[in-house]
Structure formats: structure tokens, C-alpha cells
file structure.cif (mmCIF, C-alpha atoms)
data_final
#
loop_
_atom_site.label_atom_id
_atom_site.label_comp_id
_atom_site.auth_asym_id
_atom_site.auth_seq_id
_atom_site.Cartn_x
_atom_site.Cartn_y
_atom_site.Cartn_z
CA MET A 492 104.20 140.89 79.42
CA ILE A 493 101.31 143.11 80.47
CA ASP A 494 101.78 144.87 83.80
CA GLU A 495 99.09 146.26 86.06
CA LYS A 496 101.06 149.44 86.74
CA TYR A 497 100.55 150.47 83.13
CA ILE A 498 96.77 150.10 83.25
CA LYS A 499 95.17 153.50 82.83
CA PRO A 500 91.58 154.51 83.65
CA ILE A 501 88.96 154.12 80.96
CA PRO A 502 89.28 157.13 78.59
CA ASN A 503 86.19 159.33 78.60
CA TYR A 504 85.54 158.89 74.90
CA ILE A 505 85.72 155.08 75.32
CA ALA A 506 83.36 155.19 78.31
CA LYS A 507 80.96 157.25 76.23
CA MET A 508 81.11 154.73 73.36
CA ILE A 509 80.47 151.86 75.76
CA ARG A 510 77.58 153.64 77.44
CA ASN A 511 75.92 154.29 74.08
CA LYS A 512 76.23 150.59 73.31
CA ASP A 513 74.87 149.61 76.72
CA LYS A 514 71.95 151.99 77.00
CA TYR A 515 69.38 149.29 76.36
CA SER A 516 70.54 146.96 79.16
CA TYR A 517 68.11 146.12 81.95
CA GLU A 518 68.40 147.24 85.58
CA GLY A 519 70.83 144.98 87.45
CA GLN A 520 71.99 143.21 84.30
CA ILE A 521 75.76 142.87 83.80
CA ALA A 522 77.11 143.39 80.28
CA PHE A 523 80.66 143.19 78.97
CA TYR A 524 82.33 145.43 76.40
CA ALA A 525 85.98 145.84 75.45
CA TYR A 526 88.31 148.40 73.96
CA LEU A 527 91.77 148.25 72.44
CA THR A 528 94.69 150.25 73.70
CA LYS A 529 98.48 150.09 73.96
CA MET A 530 100.55 148.90 76.88
CA LYS A 531 104.35 149.03 76.67
CA GLY A 532 104.05 148.95 72.87
CA GLU A 533 101.77 145.90 72.90
CA LEU A 534 98.18 145.93 71.65
CA VAL A 535 95.90 144.96 74.52
CA LYS A 536 92.20 144.41 74.98
CA ILE A 537 90.64 145.67 78.17
CA THR A 538 87.31 144.15 79.14
CA VAL A 539 84.82 146.38 80.94
CA ALA A 540 81.86 145.21 83.03
CA CYS A 541 78.79 147.47 82.97
CA LYS A 542 75.71 147.64 85.17
CA HIS A 543 72.60 149.83 85.53
CA TYR A 544 71.69 150.35 89.16
CA LYS A 545 69.04 152.72 90.54
CA LYS A 546 68.87 154.56 87.22
CA GLN A 547 72.61 155.13 87.20
CA TRP A 548 75.23 153.55 84.96
CA PHE A 549 78.44 152.03 86.30
CA CYS A 550 81.44 150.40 84.69
CA LYS A 551 84.79 148.97 85.72
CA GLN A 552 87.79 147.29 84.15
CA VAL A 553 87.84 143.60 84.96
CA ALA A 554 90.30 141.94 82.56
CA VAL A 555 93.29 142.77 80.38
CA HIS A 556 94.52 140.54 77.55
CA GLY A 557 97.55 141.23 75.36
CA VAL A 558 97.97 140.02 71.82
CA TYR A 559 101.47 138.67 72.56
CA SER A 560 100.93 137.68 76.20
CA ASP A 561 100.23 134.18 77.49
CA LYS A 562 98.94 135.61 80.76
CA CYS A 563 96.04 137.96 81.39
CA LEU A 564 95.14 140.20 84.32
CA VAL A 565 91.80 139.87 86.09
CA ARG A 566 90.18 141.87 88.87
CA ASP A 567 86.96 141.47 90.88
CA MET A 568 85.65 138.80 88.49
CA GLU A 569 85.08 135.09 88.87
CA CYS A 570 84.55 132.48 86.17
CA PHE A 571 81.80 129.90 86.68
CA MET A 572 80.45 127.10 84.53
CA MET A 573 77.44 129.21 83.51
CA GLY A 574 79.31 132.49 82.98
CA TYR A 575 81.02 135.26 84.92
CA ALA A 576 80.29 137.08 88.18
CA VAL A 577 81.55 140.59 88.98
CA GLY A 578 81.87 142.22 92.39
CA TRP A 579 80.65 145.83 92.79
CA TYR A 580 81.56 146.57 96.40
CA ASP A 581 84.15 149.21 95.42
CA LEU A 582 81.41 151.19 93.64
CA ALA A 583 79.06 150.91 96.62
CA LEU A 584 76.58 148.73 94.70
CA SER A 585 76.90 145.94 97.24
CA ASN A 586 76.89 145.85 101.03
CA SER A 587 79.56 143.15 101.27
CA ARG A 588 82.64 142.02 99.38
CA LYS A 589 82.56 138.82 97.37
CA ARG A 590 85.24 136.27 98.19
CA TYR A 591 86.96 137.03 94.87
CA GLU A 592 86.66 140.82 95.22
CA ASP A 593 89.56 142.75 96.75
CA GLY A 594 90.31 145.29 94.01
CA LYS A 595 93.69 143.75 93.13
CA TRP A 596 94.83 142.54 89.73
CA TYR A 597 95.79 138.89 89.48
CA GLN A 598 97.49 136.94 86.71
CA ALA A 599 95.68 134.06 85.01
CA ASN A 600 96.04 131.93 81.92
CA ASP A 601 95.22 133.98 78.83
CA LYS A 602 92.39 131.68 77.73
CA TYR A 603 90.43 132.31 80.93
CA TYR A 604 88.49 135.33 82.16
CA ASP A 605 87.73 136.45 78.65
CA PRO A 606 83.94 136.89 78.37
CA ALA A 607 82.45 137.56 74.95
CA ALA A 608 82.52 141.33 74.62
CA GLU A 609 81.95 143.68 71.71
CA VAL A 610 85.08 145.70 70.96
CA VAL A 611 84.04 149.32 70.52
CA ASN A 612 87.18 150.65 68.76
CA ARG A 613 88.39 147.94 66.39
CA LYS A 614 90.09 150.41 64.05
CA TYR A 615 92.58 151.22 66.79
CA ALA A 616 94.48 148.03 65.92
CA LEU A 617 95.15 149.36 62.41
CA LYS A 618 97.52 151.95 63.92
CA PHE A 619 99.99 149.14 64.65
CA LYS A 620 102.31 148.39 61.78
CA GLU A 621 101.91 144.63 62.03
CA PHE A 622 98.10 144.90 61.91
CA ARG A 623 97.76 147.65 59.32
CA TYR A 624 96.40 145.27 56.68
CA SER A 625 94.57 142.90 59.02
CA ALA A 626 91.10 144.20 58.04
CA LEU A 627 90.13 143.97 61.71
CA ASP A 628 87.65 146.81 61.22
CA LYS A 629 85.65 144.44 58.98
CA TYR A 630 85.91 141.49 61.36
CA ASN A 631 82.61 141.22 63.26
CA TYR A 632 83.29 138.43 65.74
CA PRO A 633 84.09 139.35 69.37
CA ASP A 634 87.38 137.49 69.86
CA VAL A 635 89.60 139.99 68.04
CA LEU A 636 92.83 138.89 69.71
CA LYS A 637 92.35 135.33 68.52
CA TYR A 638 91.95 136.62 64.99
CA LEU A 639 94.97 138.90 65.22
CA ARG A 640 97.15 136.08 66.51
CA ILE A 641 96.09 133.92 63.61
CA TYR A 642 96.70 136.83 61.25
CA LEU A 643 100.28 137.16 62.54
CA GLN A 644 100.86 133.52 61.60
CA TYR A 645 98.73 133.52 58.45
CA PRO A 646 98.48 137.00 56.88
CA GLN A 647 96.19 135.47 54.25
CA ALA A 648 93.42 135.57 56.88
CA GLU A 649 92.81 139.14 55.65
CA TYR A 650 91.98 137.59 52.26
CA PHE A 651 88.94 135.83 53.80
CA ILE A 652 87.80 138.96 55.65
CA LYS A 653 87.81 141.11 52.52
CA MET A 654 85.91 138.43 50.60
CA GLY A 655 83.21 138.44 53.27
CA LEU A 656 84.21 134.99 54.52
CA GLN A 657 85.15 135.95 58.05
CA HIS A 658 83.52 132.77 59.39
CA LEU A 659 86.40 130.94 57.68
CA ALA A 660 89.17 133.39 58.55
CA GLU A 661 90.33 131.41 61.58
CA ASN A 662 90.44 127.98 59.95
CA LYS A 663 94.11 127.08 59.73
CA MET A 664 93.56 124.31 57.19
CA LEU A 665 92.04 126.74 54.70
CA LEU A 666 94.58 129.43 55.52
CA ARG A 667 97.48 127.11 54.75
CA LYS A 668 95.82 126.06 51.52
CA VAL A 669 95.26 129.65 50.41
CA GLY A 670 98.86 130.52 51.24
CA LYS A 671 100.40 127.87 48.97
CA ASP A 672 97.76 127.05 46.34
CA LYS A 673 97.01 129.78 43.80
CA PRO A 674 94.35 127.72 41.93
CA PHE A 675 92.54 127.29 45.25
CA ARG A 676 92.45 131.08 45.70
CA LYS A 677 90.91 131.46 42.26
CA TRP A 678 88.43 128.69 43.02
CA LEU A 679 87.36 130.50 46.22
CA ILE A 680 86.74 133.71 44.27
CA GLN A 681 84.61 131.81 41.76
CA ASN A 682 82.50 130.36 44.58
CA VAL A 683 82.51 133.35 46.91
CA LYS A 684 78.79 134.14 46.61
CA LEU A 685 77.83 130.63 47.59
CA LEU A 686 80.43 130.57 50.37
CA ARG A 687 79.03 133.84 51.72
CA ASN A 688 75.57 132.28 51.53
CA GLU A 689 74.24 135.40 49.82
CA TYR A 690 71.17 133.47 48.74
CA GLY A 691 70.31 132.57 52.32
CA LYS A 692 69.14 129.12 51.24
CA TYR A 693 71.87 126.94 52.67
CA PRO A 694 73.83 126.64 55.92
CA TYR A 695 77.44 127.78 55.82
CA LEU A 696 79.66 125.10 54.35
CA SER A 697 82.23 123.63 56.72
CA ALA A 698 85.94 123.87 55.96
CA GLN A 699 86.03 120.09 55.46
CA SER A 700 83.24 120.27 52.90
CA ILE A 701 85.00 123.10 51.06
CA MET A 702 88.29 121.23 50.87
CA PHE A 703 86.50 118.04 49.85
CA ALA A 704 84.64 119.75 47.01
CA TYR A 705 87.85 121.38 45.75
CA LYS A 706 89.91 118.19 45.84
CA GLN A 707 87.16 116.14 44.20
CA ASN A 708 86.50 118.86 41.61
CA LEU A 709 82.83 118.95 42.56
CA PRO A 710 80.37 121.86 42.78
CA LEU A 711 80.27 123.13 46.36
CA LEU A 712 76.82 121.91 47.32
CA GLU A 713 77.35 118.56 45.65
CA GLY A 714 80.70 118.29 47.41
CA GLN A 715 79.03 118.99 50.74
CA ALA A 716 76.41 116.31 50.10
CA VAL A 717 78.99 113.75 48.98
CA ASN A 718 81.24 114.56 51.93
CA ARG A 719 78.35 114.08 54.35
CA ALA A 720 77.39 110.82 52.64
CA CYS A 721 80.98 109.57 52.91
CA LYS A 722 81.01 110.20 56.66
CA GLU A 723 77.65 108.48 57.07
CA THR A 724 78.87 105.54 55.00
CA VAL A 725 81.98 105.03 57.12
CA ASN A 726 79.88 105.14 60.29
CA ASP A 727 77.11 102.96 58.93
CA TYR A 728 76.76 99.48 60.48
CA SER A 729 76.15 97.84 57.12
CA TYR A 730 79.35 99.37 55.74
CA ALA A 731 81.51 98.47 58.72
CA ASN A 732 80.42 94.83 58.67
CA THR A 733 79.89 94.12 55.00
CA ILE A 734 81.02 96.70 52.45
CA SER A 735 84.34 97.58 54.11
CA LYS A 736 85.56 94.08 53.28
CA ILE A 737 85.72 94.98 49.59
CA ILE A 738 85.66 98.80 49.52
CA PRO A 739 88.58 100.47 51.34
CA LYS A 740 88.13 103.94 52.80
CA SER A 741 90.19 105.36 49.93
CA GLU A 742 87.34 104.39 47.58
CA ILE A 743 84.45 105.71 49.68
CA VAL A 744 84.01 108.74 47.43
CA ASP A 745 83.71 106.50 44.37
CA LEU A 746 81.21 104.31 46.19
CA VAL A 747 79.05 107.27 47.26
CA LYS A 748 79.07 108.72 43.74
CA TYR A 749 78.16 105.30 42.33
CA ILE A 750 75.26 104.85 44.76
CA GLU A 751 73.93 108.31 43.90
CA LYS A 752 74.32 107.75 40.16
CA GLN A 753 72.54 104.40 40.36
CA ASN A 754 69.74 105.95 42.45
CA THR A 755 70.09 103.32 45.14
CA THR A 756 70.97 103.20 48.84
CA LEU A 757 73.82 101.98 50.99
CA PRO A 758 71.75 99.14 52.58
CA SER A 759 70.79 97.89 49.09
CA TYR A 760 74.43 97.90 48.06
CA ALA A 761 75.32 96.05 51.27
CA ASP A 762 72.71 93.39 50.44
CA TYR A 763 74.20 93.09 46.95
CA VAL A 764 77.72 92.63 48.36
CA LYS A 765 76.51 90.02 50.85
CA ALA A 766 74.85 88.06 48.04
CA CYS A 767 77.96 88.25 45.85
CA GLU A 768 80.18 87.03 48.67
CA TYR A 769 77.85 84.10 49.37
CA LEU A 770 78.01 83.24 45.66
CA GLN A 771 81.84 83.47 45.87
CA LEU A 772 82.11 86.05 43.11
CA ASP A 773 85.43 87.84 42.56
CA MET A 774 84.76 91.28 44.08
CA THR A 775 88.11 92.63 42.92
CA LEU A 776 86.62 92.88 39.43
CA PRO A 777 85.07 96.30 38.68
CA LYS A 778 82.12 94.66 36.92
CA ASN A 779 81.18 92.98 40.19
CA ARG A 780 81.99 95.90 42.50
CA TYR A 781 80.20 98.50 40.40
CA PRO A 782 77.84 96.82 37.91
CA HIS A 783 76.67 99.10 35.11
CA ASP A 784 72.97 98.48 35.80
CA PHE A 785 72.87 98.08 39.56
CA LYS A 786 69.14 97.40 39.95
CA ARG A 787 69.23 94.61 37.39
CA TRP A 788 72.29 92.93 38.85
CA HIS A 789 71.15 93.52 42.43
CA ASP A 790 67.90 91.66 41.74
CA THR A 791 69.76 88.92 39.84
CA ARG A 792 72.33 88.32 42.59
CA ILE A 793 69.68 88.38 45.32
CA ASP A 794 67.64 85.74 43.46
CA GLN A 795 70.77 83.63 42.95
CA TYR A 796 71.63 84.04 46.62
CA HIS A 797 68.22 82.86 47.79
CA THR A 798 68.33 79.88 45.42
CA ALA A 799 71.83 78.86 46.56
CA LYS A 800 70.95 79.36 50.22
CA THR A 801 67.79 77.28 49.89
CA LEU A 802 69.79 74.44 48.36
CA LYS A 803 72.48 74.76 51.02
CA ASP A 804 69.90 74.84 53.78
CA ALA A 805 68.30 71.74 52.32
CA GLU A 806 71.66 69.95 52.44
CA VAL A 807 72.23 71.05 56.02
CA ARG A 808 68.73 69.98 56.99
CA LYS A 809 69.25 66.61 55.30
CA GLU A 810 72.45 66.10 57.27
CA LEU A 811 70.72 67.11 60.52
CA TYR A 812 67.85 64.68 59.92
CA ALA A 813 70.28 61.85 59.17
CA LYS A 814 72.35 62.51 62.29
CA PHE A 815 69.22 62.94 64.42
CA ALA A 816 67.96 59.54 63.26
CA LEU A 817 71.27 57.87 64.14
CA ILE A 818 71.23 59.34 67.65
CA ALA A 819 67.60 58.31 68.14
CA GLU A 820 68.46 54.76 67.05
CA LYS A 821 71.48 54.69 69.36
CA TYR A 822 69.49 55.64 72.44
CA GLN A 823 66.30 53.74 71.59
CA PRO A 824 66.93 51.36 74.54
CA LEU A 825 66.10 54.24 76.89
CA GLN A 826 62.45 54.02 75.77
CA LYS A 827 60.04 52.34 78.17
CA ASP A 828 56.99 50.45 77.05
CA GLY A 829 55.57 47.99 79.55
CA LYS A 830 52.61 47.39 81.84
CA ASP A 831 52.55 50.93 83.27
CA ALA A 832 49.90 53.53 82.57
CA PHE A 833 52.44 55.53 80.62
CA VAL A 834 55.02 54.85 77.93
CA VAL A 835 58.17 56.84 77.02
CA LEU A 836 59.21 57.22 73.39
CA ILE A 837 62.34 58.88 72.00
CA ALA A 838 61.96 61.58 69.33
CA ARG A 839 62.85 60.19 65.91
CA SER A 840 63.32 63.39 63.89
CA PRO A 841 63.30 67.19 64.15
CA GLN A 842 59.86 67.03 62.62
CA ASP A 843 58.70 65.02 65.64
CA LEU A 844 59.83 67.90 67.86
CA ILE A 845 57.92 70.40 65.73
CA ARG A 846 54.72 68.36 65.90
CA GLU A 847 55.09 67.88 69.66
CA GLY A 848 55.69 71.61 70.21
CA GLU A 849 52.72 72.61 68.08
CA ALA A 850 50.40 70.11 69.77
CA LEU A 851 51.42 71.08 73.33
CA ASP A 852 52.07 74.74 72.56
CA HIS A 853 55.62 74.87 73.94
CA CYS A 854 59.05 75.52 72.43
CA VAL A 855 60.51 72.03 71.96
CA GLY A 856 60.08 72.43 68.20
CA ARG A 857 62.07 75.65 68.30
CA MET A 858 65.05 77.01 70.26
CA ASN A 859 67.60 74.54 68.75
CA TYR A 860 66.55 71.44 70.70
CA ASP A 861 67.13 69.47 67.49
CA GLN A 862 70.74 70.73 67.37
CA LYS A 863 71.31 69.78 71.02
CA PHE A 864 69.85 66.33 70.29
CA ALA A 865 72.14 65.83 67.28
CA ARG A 866 75.17 66.88 69.37
CA GLU A 867 74.10 64.44 72.12
CA GLU A 868 73.93 67.25 74.65
CA SER A 869 70.39 66.29 75.66
CA LEU A 870 67.71 63.92 74.39
CA ILE A 871 63.99 64.55 73.98
CA PHE A 872 61.50 61.92 75.07
CA PHE A 873 57.72 61.88 74.78
CA VAL A 874 55.62 60.59 77.69
CA ARG A 875 52.30 59.21 76.42
CA ASN A 876 49.27 57.51 77.90
CA ALA A 877 49.66 53.79 77.22
CA LYS A 878 46.19 53.71 75.69
CA GLU A 879 46.95 56.69 73.36
CA PRO A 880 50.63 56.33 72.40
CA ASP A 881 50.29 58.59 69.38
CA THR A 882 48.78 61.55 71.24
CA PRO A 883 51.22 64.20 72.58
CA PHE A 884 50.96 64.43 76.37
CA VAL A 885 54.18 65.32 78.28
CA THR A 886 57.66 66.19 76.98
CA VAL A 887 60.92 65.41 78.77
CA GLU A 888 64.45 66.77 78.18
CA TYR A 889 67.10 64.38 79.50
CA SER A 890 70.79 65.19 80.05
CA LEU A 891 73.13 62.44 78.93
CA GLU A 892 76.07 63.89 80.84
CA ARG A 893 74.28 64.52 84.14
CA LYS A 894 71.83 61.61 83.81
CA LYS A 895 69.08 63.89 85.03
CA ILE A 896 65.80 65.28 83.79
CA LEU A 897 66.26 68.90 82.75
CA GLN A 898 62.65 69.67 81.88
CA CYS A 899 59.31 67.92 82.14
CA TYR A 900 56.27 69.82 80.91
CA GLY A 901 52.80 69.20 79.60
CA LYS A 902 50.57 71.43 77.50
CA HIS A 903 51.30 75.18 77.68
CA ASP A 904 54.44 74.42 79.76
CA HIS A 905 52.27 73.30 82.67
CA ARG A 906 53.57 70.99 85.40
CA PRO A 907 52.39 67.41 84.82
CA THR A 908 50.14 65.69 87.32
CA ASP A 909 51.66 63.92 90.31
CA ASP A 910 51.12 60.45 88.87
CA VAL A 911 53.04 61.40 85.72
CA LEU A 912 55.88 62.94 87.73
CA GLU A 913 56.09 59.87 89.95
CA PHE A 914 56.28 57.61 86.90
CA VAL A 915 58.92 59.74 85.19
CA ASN A 916 61.13 60.22 88.25
CA LYS A 917 60.65 56.91 90.09
CA LYS A 918 60.29 54.43 87.26
CA TRP A 919 61.50 55.76 83.93
CA LEU A 920 64.56 57.78 85.08
CA PRO A 921 66.21 54.89 87.00
CA PHE A 922 65.42 52.60 84.04
CA ALA A 923 66.92 55.09 81.53
CA ASN A 924 70.08 55.52 83.59
CA ARG A 925 70.58 51.75 83.81
CA GLN A 926 70.13 51.43 80.05
CA LEU A 927 72.53 54.30 79.39
CA LYS A 928 75.13 52.65 81.62
CA LYS A 929 74.84 49.47 79.61
CA LEU A 930 75.25 51.36 76.33
CA GLN A 931 78.32 53.18 77.60
CA ALA A 932 79.85 50.00 78.89
CA ALA A 933 79.31 48.26 75.54
CA ALA A 934 80.77 51.17 73.56
#

call {"tool": "encode", "arguments": {"input": "structure.cif", "output": "C-alpha cells"}}
result
Amino acid sequence: MIDEKYIKPIPNYIAKMIRNKDKYSYEGQIAFYAYLTKMKGELVKITVACKHYKKQWFCKQVAVHGVYSDKCLVRDMECFMMGYAVGWYDLALSNSRKRYEDGKWYQANDKYYDPAAEVVNRKYALKFKEFRYSALDKYNYPDVLKYLRIYLQYPQAEYFIKMGLQHLAENKMLLRKVGKDKPFRKWLIQNVKLLRNEYGKYPYLSAQSIMFAYKQNLPLLEGQAVNRACKETVNDYSYANTISKIIPKSEIVDLVKYIEKQNTTLPSYADYVKACEYLQLDMTLPKNRYPHDFKRWHDTRIDQYHTAKTLKDAEVRKELYAKFALIAEKYQPLQKDGKDAFVVLIARSPQDLIREGEALDHCVGRMNYDQKFAREESLIFFVRNAKEPDTPFVTVEYSLERKKILQCYGKHDHRPTDDVLEFVNKKWLPFANRQLKKLQAAA
């Protein structure tokens, strides 16, 4: 474990290297650099904070991390959500001490208090036997200890560094694959220029895309595209609710390749599957899952689907009309036609509701009132002037269960006149309830 009593001052040659790196910093700006050294035989990284103040340059050690240590040492530095703050009271750059600044070294978890800092003497690590072949001098990312720890576990990380693939050198999935799969190593060498993005045309490929392309025996860029399409397919609403019923995740790659080969889209394939299911086709058969000429069979199945659905809808509509007529006949005694100024007629068919709604510009012809009527949840009656019984005037929704009027509206959903309301509530409603009681008693 690292120990503060073994921390030595910054060597002059290191301070000079850091100052040369930091000469372009602005007045008052804090910058972090790091250098490697040895402490009790362990390779450690010491982080240095630097600041230009009144045309002078200042620096101080603020953190120590060891390659084998799970604890670090920190001094006069605080970690915030937006970065790090350093206290400079000991160098007379501040008139007061910060609450975290007392000049003492404190232990902390190794993953904290480790600001991104350029390491000025990377080659120093090569003096250690265990890191002699780590290629750290060619590793350009700041977190050198993270790389060295991975290298200790996966020495093949050096393989990626020397190939110019240092952005992949810390991916454990690829490192394990390289360590046990010789063909994969050869495949990487064959694709190294593209992986290094020497052409500058493409973003770096992710480790998942690389592994996907290798396993599927696809060119890298095609593998990346197919891999992305597979992820999008799994997350697509149309897949989750339609295609996944017949295409398991293990076949997603085949599906994506098929869609690309057929020059179609996932939504089109989803429509095709929906049509096939409605037609009750056997989707376990390859000829139905992946037809040779997708466009032709897509159009054919969609036409067949619409034809079958139209016929089915016609049957359903026929059944609804028949049931509606039976209910209307059953409750015909609730109609009122006498010496009053108004008459009340029961709707005879869903088409009657449509005509009423269109004439009075309200929603009785829509919104499933016909379904509620057929289920005997509520009945629809038409209030008409006795002298014009065929002319739409006022529409009433009546609850059979509650024996109450649910709605009573004229044109444009306007409230009827007082004389109409008095007739409906004082004359027709009591009459309808008496008639309904008789019907229920006779049933």
C-alpha cells in the first residue's frame, strides 16, 4: 500500500517537463499533469496541479495512485460534480484556507480524486519487469494505470497498442477473444486499416460491432450496419408486437439480412406478417416467413387480407344489424305517439343512428352507440315534431339499468327548448319506465 512518508518532492527534471507542457495555460487556470515514479517497489502515478499567478508558475502534488493499490492519497483537493478544486493557501496564492485544505494526505478510494492528467514520463513504466512489454510509451490515453492493470490481466492488450488500436486495448471482451482465438487475431490484422480508421471516413467501430462482424463472417462495415439494424429491430414497436411472434431473437440476423436483400423495410415486413396471420397461414414454413420475391408476395397477401377482412366485417355488420333490429323490436313499446306536440321513436338500425348524427351534426352515429344499443346498455330514441315525424329533431340516450335519460341533445349538441325538455322528462320518461316495468315483468 502506498504510504505518504515515501512521497518525495517533485524531481526538478519532472517539474521542468511539466512546466514546458503547461506554458500555454491562462492566468489563474488550474491544469493537471502526472508523472510516474516508484514507491516501495510499486509503480505509482503522482498527479500535480499547476497554476499561473501574477506571471509566476506554481505546482503541487495533490494525488498519488498506485498500480496495485486500492486506495489513493489526496491532499488539498476536493472533487465536485463539475470537476476538481485545489487549495493554494500553502503557496500564498490565497488569503484563506479552504475547508478541505490543511496540507495533510488523506486516503480515499482509488477511483476517486484522479483527474484526467497527461503523464509526462510514460517510458518510466518500461523499467519495471512486469511492464517491459506493455507498450505504454505508445499508449496515448491519460489513464495509464487503468491500462496497466488491464495489461497485467490480459498481456494481449499490448497487441492492440502495437497495431494502432489503442481505443480497443481496454475492452475485455476483445482481449479475451484475442487470447484464445488465433483466427480472430489474423482477422484483426487483415482489417487493421479499417479498424484504425486510416481513411477517416467512418466512426470507430464498437467492440460489439467487431465481434458481430467476425462471428457472422461479414465485412466490418456491413457487420456494423447489420448489428445496428438488429438492435433497432429488437427495439422496434412493430417487431415487439408483431414479428417477434414468429421470428425469435436468435433469427434476427437472418431477418435483417433478408430485409436488406429484398430492399424492403421492417414496417413492410410487419404488415406482411400481420396479413399472413389474419389469413391463418403456417408461418413455420420458410416459404411463408421469407418468400423469395417479397414485394410480390407482400402485395398478394395484403390484397388477400383486405378481401378477407372486408368479408369478415360484412358478416359482423350483418350480425350487428340483426341483433340491433331484435332489440329495437323488443323495446318498441317504449315509443310514444299520441296527442302531444312531440312523438318518440326508437332507432331501428345502426344506419338510423348514422343518419340522425349526420342530420343533427352530433356523434350518435359514431362512438359505438350502436354497440351499446345491441348490448342493451342504453337505447337511442328520436324525439320528433308530431307534424314532421320523419325530420330529425332531438336525440335521447336512455339507460335501461338506471331508467334515466343519459343525454338529450338537439342540433350541434345544443340543449333542447324547455317545452321539449318538459315533454321528455315529465311525459315520455315516466311512460317509458312504466312500459319497461311491464316488459320486465312479462319476461

call {"tool": "residues_around", "arguments": {"input": "structure.cif", "residues": "range 518-533 of chain A", "least_positions_apart": "3", "cutoff": "8 Å", "atoms": "all atoms listed in the file", "output": "JSON, numbers by chain"}}
result
{"A": [493, 497, 498, 505, 509, 513, 536, 537, 538, 539, 540, 541, 542, 543, 544, 545, 546, 557, 558, 559, 606, 607, 608, 609, 610, 611, 612, 613, 615, 616]}

call {"tool": "atom_distance", "arguments": {"input": "structure.cif", "atom1": "CA of Cys854 in chain A", "atom2": "CA of Glu806 in chain A"}}
result
24.3 Å

call {"tool": "residues_around", "arguments": {"input": "structure.cif", "residues": "His903 in chain A", "least_positions_apart": "3", "cutoff": "12 Å", "atoms": "only C-alpha atoms", "output": "PyMOL selection string"}}
result
chain A and resi 847-855+884-886+899-900+906-907

call {"tool": "resolve_selection", "arguments": {"input": "structure.cif", "expression": "the PyMOL selection byres ((chain A and resi 918) around 12)", "output": "list in words"}}
result
Leu825, Gln826, Lys827, Asp828, Gly829, Lys830, Asp831, Ala832, Phe833, Val834, Val835, Asp910, Val911, Leu912, Glu913, Phe914, Val915, Asn916, Lys917, Trp919, Leu920, Pro921, Phe922, Ala923, Asn924 and Arg925 of chain A

call {"tool": "closest_residue", "arguments": {"input": "structure.cif", "among": "A:Leu686, A:Ile737, A:Ala731, A:Val887", "to": "His658 in chain A", "atoms": "only C-alpha atoms"}}
result
A:Leu686

call {"tool": "residues_near_point", "arguments": {"input": "structure.cif", "point": "(88.4, 134.4, 51.9)", "cutoff": "8 Å", "atoms": "all atoms listed in the file", "output": "list in words"}}
result
Ala648, Glu649, Tyr650, Phe651, Ile652, Lys653, Met654, Gly655, Leu656, Gln657, Leu659, Ala660, Leu679, Ile680 and Val683 of chain A

call {"tool": "closest_residue", "arguments": {"input": "structure.cif", "among": "A:Lys752, A:Arg640, A:Lys562, A:Lys673", "to": "Ser625 in chain A", "atoms": "only C-alpha atoms"}}
result
A:Arg640

call {"tool": "residues_near_point", "arguments": {"input": "structure.cif", "point": "(85.1, 125.1, 57.2)", "cutoff": "10 Å", "atoms": "all atoms listed in the file", "output": "list in words"}}
result
His658, Leu659, Ala660, Glu661, Asn662, Lys663, Met664, Leu665, Leu686, Tyr695, Leu696, Ser697, Ala698, Gln699, Ser700, Ile701 and Met702 of chain A

call {"tool": "resolve_selection", "arguments": {"input": "structure.cif", "expression": "the PyMOL selection byres ((chain A and resi 758-762) around 9)", "output": "mmCIF file with C-alpha atoms, in the frame of the given file"}}
result
data_model
loop_
_atom_site.group_PDB
_atom_site.id
_atom_site.type_symbol
_atom_site.label_atom_id
_atom_site.label_comp_id
_atom_site.auth_asym_id
_atom_site.auth_seq_id
_atom_site.Cartn_x
_atom_site.Cartn_y
_atom_site.Cartn_z
ATOM 1 C CA SER A 729 76.150 97.840 57.120
ATOM 2 C CA TYR A 730 79.350 99.370 55.740
ATOM 3 C CA THR A 733 79.890 94.120 55.000
ATOM 4 C CA ILE A 734 81.020 96.700 52.450
ATOM 5 C CA ILE A 750 75.260 104.850 44.760
ATOM 6 C CA THR A 755 70.090 103.320 45.140
ATOM 7 C CA THR A 756 70.970 103.200 48.840
ATOM 8 C CA LEU A 757 73.820 101.980 50.990
ATOM 9 C CA TYR A 763 74.200 93.090 46.950
ATOM 10 C CA VAL A 764 77.720 92.630 48.360
ATOM 11 C CA LYS A 765 76.510 90.020 50.850
ATOM 12 C CA ALA A 766 74.850 88.060 48.040
ATOM 13 C CA CYS A 767 77.960 88.250 45.850
ATOM 14 C CA PHE A 785 72.870 98.080 39.560
ATOM 15 C CA HIS A 789 71.150 93.520 42.430
ATOM 16 C CA ILE A 793 69.680 88.380 45.320
#

call {"tool": "residues_around", "arguments": {"input": "structure.cif", "residues": "Tyr603 in chain A", "least_positions_apart": "2", "cutoff": "8 Å", "atoms": "all atoms listed in the file", "output": "ChimeraX atom specification"}}
result
/A:563,570,599-601,605

call {"tool": "atom_distance", "arguments": {"input": "structure.cif", "atom1": "CA of Tyr591 in chain A", "atom2": "CA of Lys551 in chain A"}}
result
15.2 Å

call {"tool": "atom_distance", "arguments": {"input": "structure.cif", "atom1": "CA of Arg857 in chain A", "atom2": "CA of Ile845 in chain A"}}
result
7.2 Å

call {"tool": "decode", "arguments": {"input": "structure.cif", "residues": "range 777-784 of chain A", "atoms": "N, CA, C and O atoms", "output": "tab-separated table (two decimals), in the first residue's frame"}}
result
chain	number	residue	atom	x	y	z
A	777	PRO	N	-40.64	-21.91	-44.20
A	777	PRO	CA	-39.72	-20.89	-44.73
A	777	PRO	C	-40.31	-20.10	-45.89
A	777	PRO	O	-40.05	-18.91	-46.03
A	778	LYS	N	-41.11	-20.76	-46.72
A	778	LYS	CA	-41.66	-20.05	-47.88
A	778	LYS	C	-42.61	-18.94	-47.46
A	778	LYS	O	-42.82	-17.98	-48.21
A	779	ASN	N	-43.21	-19.07	-46.29
A	779	ASN	CA	-44.09	-18.01	-45.78
A	779	ASN	C	-43.32	-16.97	-44.96
A	779	ASN	O	-43.65	-15.79	-45.00
A	780	ARG	N	-42.31	-17.42	-44.22
A	780	ARG	CA	-41.53	-16.49	-43.41
A	780	ARG	C	-40.64	-15.60	-44.28
A	780	ARG	O	-40.54	-14.40	-44.06
A	781	TYR	N	-40.02	-16.23	-45.28
A	781	TYR	CA	-39.09	-15.49	-46.14
A	781	TYR	C	-39.38	-15.80	-47.61
A	781	TYR	O	-38.65	-16.54	-48.26
A	782	PRO	N	-40.47	-15.25	-48.14
A	782	PRO	CA	-40.80	-15.53	-49.55
A	782	PRO	C	-39.70	-15.03	-50.48
A	782	PRO	O	-39.06	-14.02	-50.23
A	783	HIS	N	-39.49	-15.78	-51.56
A	783	HIS	CA	-38.39	-15.48	-52.48
A	783	HIS	C	-38.52	-14.08	-53.08
A	783	HIS	O	-37.56	-13.33	-53.16
A	784	ASP	N	-39.73	-13.73	-53.51
A	784	ASP	CA	-39.99	-12.41	-54.08
A	784	ASP	C	-40.89	-11.67	-53.10
A	784	ASP	O	-42.12	-11.75	-53.18
